[in-house]
2 protein chains.
Amino acid sequence: MTQQPNLSKQVNELLILACLRDGPAHGYEIALAVERDSGGAFAFQYGTLYPILHRLEKQGVIRGRWEAEGRRRKVYELTPKGSKYLEGESREMKSLFLDLIRVLEGPNHARG
Amino acid sequence: MTQQPNLSKQVNELLILACLRDGPAHGYEIALAVERDSGGAFAFQYGTLYPILHRLEKQGVIRGRWEAEGRRRKVYELTPKGSKYLEGESREMKSLFLDLIRVLEGPNHARG
DNA sequence: CTCTATATATCGATAATCTTTATATAGACG
DNA sequence: CGTCTATATAAAGATTATCGATATATAGAG
């Protein structure tokens, strides 16, 4: 028996990757975008966000580069591996949540 | 900024409560039912399940009673408080997941 | 030159799950 | 009766991710 492991972790990672699909962005910007795009439903603590970015970079799904000019910012972008990962996991997550909604709604919803 | 706290925890609790909506059940039975009803998408480790049951009982959303006869089983049922809680949280979760799916799908899905 | 908003990093505490181990009993089988 | 297996619950210890707080740095306003 294996539980769907670390749902929160998975969701957090996908939120970040989905944000980067719209183009490169730095951490602070990602936090604002996720909160905005989700209508406030999801928001990152910075103590949560930055470690995740480092983790994703180590795994090779995103790549970060320090900006040469202006503010001290590290701009991240999806790698090809990250794009594929996002596409696949995103589809799985969607299916998982639809399963979940179905279970939470109960059998009475299926009948007319 | 507050992150949607403990998504996994919330989901696990709702899966159990939704299962008990169909009638009283003991732990082992709940584990099997959740796995069956979710089509294998969700499944509990017993080391995860039982602590959650104890937690929910302490919070007064479920009530457990040891069966007098037969096997050593503790049968749980929803309390009125639990029913209300399930109804409310379930609705919120559904809305949250639809938000999430929307974000994961990206803006290109909204347009024709 | 000081104050504020922007921007990242990291440490320690907290908390939930996972893994493992222990315990107990019903029922099958010889 | 005795042993084995499936059922059933509990709990301790390890692991891990998030949270909360703190430190650091700089651009821009005034």
# chains A, B, ... in the order shown; residues from 1 in each chain; ligands from 1
$ closest_atom_pairs --of "chain A" --to "chain D" --cutoff "9 Å" --atoms "only C-alpha atoms (C1' of nucleotides)" --output "JSON lines"
{"residue": "A:Asn6", "atom": "CA", "partner": "D:DA17", "partner_atom": "C1'", "distance": 8.5}
{"residue": "A:Ser8", "atom": "CA", "partner": "D:DA17", "partner_atom": "C1'", "distance": 8.7}
{"residue": "A:Lys9", "atom": "CA", "partner": "D:DA17", "partner_atom": "C1'", "distance": 7.2}
{"residue": "A:Gln45", "atom": "CA", "partner": "D:DC19", "partner_atom": "C1'", "distance": 7.6}
{"residue": "A:Gly47", "atom": "CA", "partner": "D:DC19", "partner_atom": "C1'", "distance": 7.2}
{"residue": "A:Thr48", "atom": "CA", "partner": "D:DT18", "partner_atom": "C1'", "distance": 6.2}
{"residue": "A:Gly70", "atom": "CA", "partner": "D:DA27", "partner_atom": "C1'", "distance": 7.7}
{"residue": "A:Arg71", "atom": "CA", "partner": "D:DT26", "partner_atom": "C1'", "distance": 6.3}
{"residue": "A:Arg72", "atom": "CA", "partner": "D:DT26", "partner_atom": "C1'", "distance": 7.1}
$ closest_atom_pairs --of "chain C" --to "chain A" --cutoff "8 Å" --atoms "only C-alpha atoms (C1' of nucleotides)" --output "tab-separated table"
residue	atom	partner	partner_atom	distance
C:DA7	C1'	A:Arg73	CA	6.4
C:DT8	C1'	A:Arg73	CA	7.5
C:DA9	C1'	A:Tyr50	CA	7.8
$ write_last_selection --atoms "N, CA and C atoms (P, O5', C5', C4', C3', O3' and C1' of nucleotides)" --output "compact mmCIF listing (two decimals), in the first residue's frame"
# COMPACT_ATOMS: atom_id res chain seq x y z
P DA C 7 11.87 42.78 -7.10
O5' DA C 7 12.70 41.71 -6.27
C5' DA C 7 14.12 41.69 -6.37
C4' DA C 7 14.72 40.70 -5.40
C3' DA C 7 14.10 39.30 -5.33
O3' DA C 7 14.87 38.44 -6.15
C1' DA C 7 14.95 40.09 -3.23
P DT C 8 14.61 36.83 -6.16
O5' DT C 8 15.57 36.30 -5.01
C5' DT C 8 16.97 36.56 -5.12
C4' DT C 8 17.69 36.09 -3.88
C3' DT C 8 17.54 34.60 -3.55
O3' DT C 8 18.80 33.99 -3.69
C1' DT C 8 17.33 35.95 -1.61
P DA C 9 19.00 32.42 -3.51
O5' DA C 9 19.40 32.32 -1.97
C5' DA C 9 20.49 33.09 -1.47
C4' DA C 9 20.67 32.81 -0.01
C3' DA C 9 20.54 31.33 0.39
O3' DA C 9 21.74 30.91 1.00
C1' DA C 9 19.23 32.70 1.82
$ atom_distance --atom1 "atom CA of Thr79 of chain A" --atom2 "atom CA of Val61 of chain A"
5.4 Å
$ residues_around --residues "Asn12 of chain A" --least-positions-apart "3" --cutoff "9 Å" --atoms "only C-alpha atoms (C1' of nucleotides)" --output "VMD selection string"
chain A and resid 7 to 9 15 to 17 42 44 49 52
$ write_last_selection --atoms "N, CA and C atoms" --output "PDB file, in the first residue's frame"
ATOM      1  N   LEU A   7       1.563  15.096  -1.352  1.00  0.00           N
ATOM      2  CA  LEU A   7       0.675  15.842  -2.230  1.00  0.00           C
ATOM      3  C   LEU A   7       1.027  17.325  -2.240  1.00  0.00           C
ATOM      4  N   SER A   8       1.243  17.885  -1.042  1.00  0.00           N
ATOM      5  CA  SER A   8       1.553  19.311  -0.923  1.00  0.00           C
ATOM      6  C   SER A   8       2.821  19.647  -1.692  1.00  0.00           C
ATOM      7  N   LYS A   9       3.829  18.844  -1.498  1.00  0.00           N
ATOM      8  CA  LYS A   9       5.103  19.063  -2.166  1.00  0.00           C
ATOM      9  C   LYS A   9       4.930  19.067  -3.680  1.00  0.00           C
ATOM     10  N   LEU A  15       2.985  24.246  -9.159  1.00  0.00           N
ATOM     11  CA  LEU A  15       2.579  25.651  -9.219  1.00  0.00           C
ATOM     12  C   LEU A  15       3.731  26.517  -9.734  1.00  0.00           C
ATOM     13  N   ILE A  16       4.918  26.231  -9.251  1.00  0.00           N
ATOM     14  CA  ILE A  16       6.099  26.986  -9.678  1.00  0.00           C
ATOM     15  C   ILE A  16       6.400  26.728 -11.153  1.00  0.00           C
ATOM     16  N   LEU A  17       6.405  25.459 -11.532  1.00  0.00           N
ATOM     17  CA  LEU A  17       6.709  25.110 -12.920  1.00  0.00           C
ATOM     18  C   LEU A  17       5.672  25.694 -13.878  1.00  0.00           C
ATOM     19  N   PHE A  42      -3.636  29.916  -3.388  1.00  0.00           N
ATOM     20  CA  PHE A  42      -2.309  29.415  -3.052  1.00  0.00           C
ATOM     21  C   PHE A  42      -1.339  30.576  -2.910  1.00  0.00           C
ATOM     22  N   PHE A  44       2.930  31.285  -1.344  1.00  0.00           N
ATOM     23  CA  PHE A  44       4.138  30.709  -0.785  1.00  0.00           C
ATOM     24  C   PHE A  44       4.709  31.548   0.352  1.00  0.00           C
ATOM     25  N   LEU A  49       9.413  28.725  -0.473  1.00  0.00           N
ATOM     26  CA  LEU A  49       9.639  28.886  -1.910  1.00  0.00           C
ATOM     27  C   LEU A  49      11.095  28.676  -2.318  1.00  0.00           C
ATOM     28  N   ILE A  52      12.497  25.181  -2.389  1.00  0.00           N
ATOM     29  CA  ILE A  52      11.924  24.400  -3.484  1.00  0.00           C
ATOM     30  C   ILE A  52      12.620  24.750  -4.798  1.00  0.00           C
TER      31      ILE A  52
END
$ closest_residue --among "A:Glu13, A:Ile101, A:Ala31, A:Asn108" --to "chain B" --atoms "only C-alpha atoms"
A:Ile101
$ atom_distance --atom1 "atom CA of Ala41 of chain A" --atom2 "atom CA of Ser95 of chain B"
9.2 Å
$ closest_residue --among "B:Asp37, B:Glu89, B:Gly23, B:Gly64" --to "chain A" --atoms "only C-alpha atoms"
B:Asp37
$ residues_around --residues "Gly60 of chain B" --least-positions-apart "4" --cutoff "9 Å" --atoms "only C-alpha atoms (C1' of nucleotides)" --output "ChimeraX atom specification"
/B:55-56,78-79,81-82
$ select_by_dssp --residues "chain A" --states "strand (DSSP E)" --output "list of chain:residue names"
A:Ala25, A:His26, A:Ile62, A:Arg63, A:Gly64, A:Arg65, A:Trp66, A:Lys74, A:Val75, A:Tyr76, A:Glu77, A:Leu78
$ write_last_selection --atoms "N, CA and C atoms" --output "mmCIF file, in the first residue's frame"
data_model
loop_
_atom_site.group_PDB
_atom_site.id
_atom_site.type_symbol
_atom_site.label_atom_id
_atom_site.label_comp_id
_atom_site.auth_asym_id
_atom_site.auth_seq_id
_atom_site.Cartn_x
_atom_site.Cartn_y
_atom_site.Cartn_z
ATOM 1 N N ALA A 25 11.234 33.838 -14.735
ATOM 2 C CA ALA A 25 10.852 34.705 -13.622
ATOM 3 C C ALA A 25 11.770 34.428 -12.443
ATOM 4 N N HIS A 26 11.920 35.398 -11.567
ATOM 5 C CA HIS A 26 12.697 35.166 -10.347
ATOM 6 C C HIS A 26 11.753 34.852 -9.200
ATOM 7 N N ILE A 62 14.497 23.073 -13.677
ATOM 8 C CA ILE A 62 14.609 24.509 -13.953
ATOM 9 C C ILE A 62 16.091 24.887 -13.940
ATOM 10 N N ARG A 63 16.385 26.045 -14.532
ATOM 11 C CA ARG A 63 17.760 26.542 -14.509
ATOM 12 C C ARG A 63 17.732 28.000 -14.071
ATOM 13 N N GLY A 64 18.604 28.357 -13.151
ATOM 14 C CA GLY A 64 18.619 29.716 -12.633
ATOM 15 C C GLY A 64 19.897 30.454 -12.988
ATOM 16 N N ARG A 65 19.754 31.743 -13.298
ATOM 17 C CA ARG A 65 20.932 32.566 -13.577
ATOM 18 C C ARG A 65 20.816 33.915 -12.885
ATOM 19 N N TRP A 66 21.883 34.316 -12.232
ATOM 20 C CA TRP A 66 21.897 35.613 -11.575
ATOM 21 C C TRP A 66 21.933 36.709 -12.623
ATOM 22 N N LYS A 74 17.769 36.165 -9.052
ATOM 23 C CA LYS A 74 18.094 34.935 -9.762
ATOM 24 C C LYS A 74 16.886 34.556 -10.608
ATOM 25 N N VAL A 75 17.078 34.585 -11.913
ATOM 26 C CA VAL A 75 15.973 34.341 -12.836
ATOM 27 C C VAL A 75 15.979 32.879 -13.274
ATOM 28 N N TYR A 76 14.830 32.252 -13.110
ATOM 29 C CA TYR A 76 14.696 30.830 -13.446
ATOM 30 C C TYR A 76 13.908 30.636 -14.729
ATOM 31 N N GLU A 77 14.232 29.545 -15.423
ATOM 32 C CA GLU A 77 13.427 29.158 -16.583
ATOM 33 C C GLU A 77 13.318 27.653 -16.627
ATOM 34 N N LEU A 78 12.278 27.161 -17.273
ATOM 35 C CA LEU A 78 12.092 25.731 -17.454
ATOM 36 C C LEU A 78 13.171 25.167 -18.356
#
$ closest_residue --among "B:Lys94, B:Val103, B:Glu57, B:Val34" --to "Ala18 of chain B" --atoms "only C-alpha atoms"
B:Val34
$ select_by_dssp --residues "segment 7-107 of chain A" --states "alpha helix (DSSP H)" --output "NGL selection string"
:A and (7-20 or 27-37 or 46-58 or 80-105)
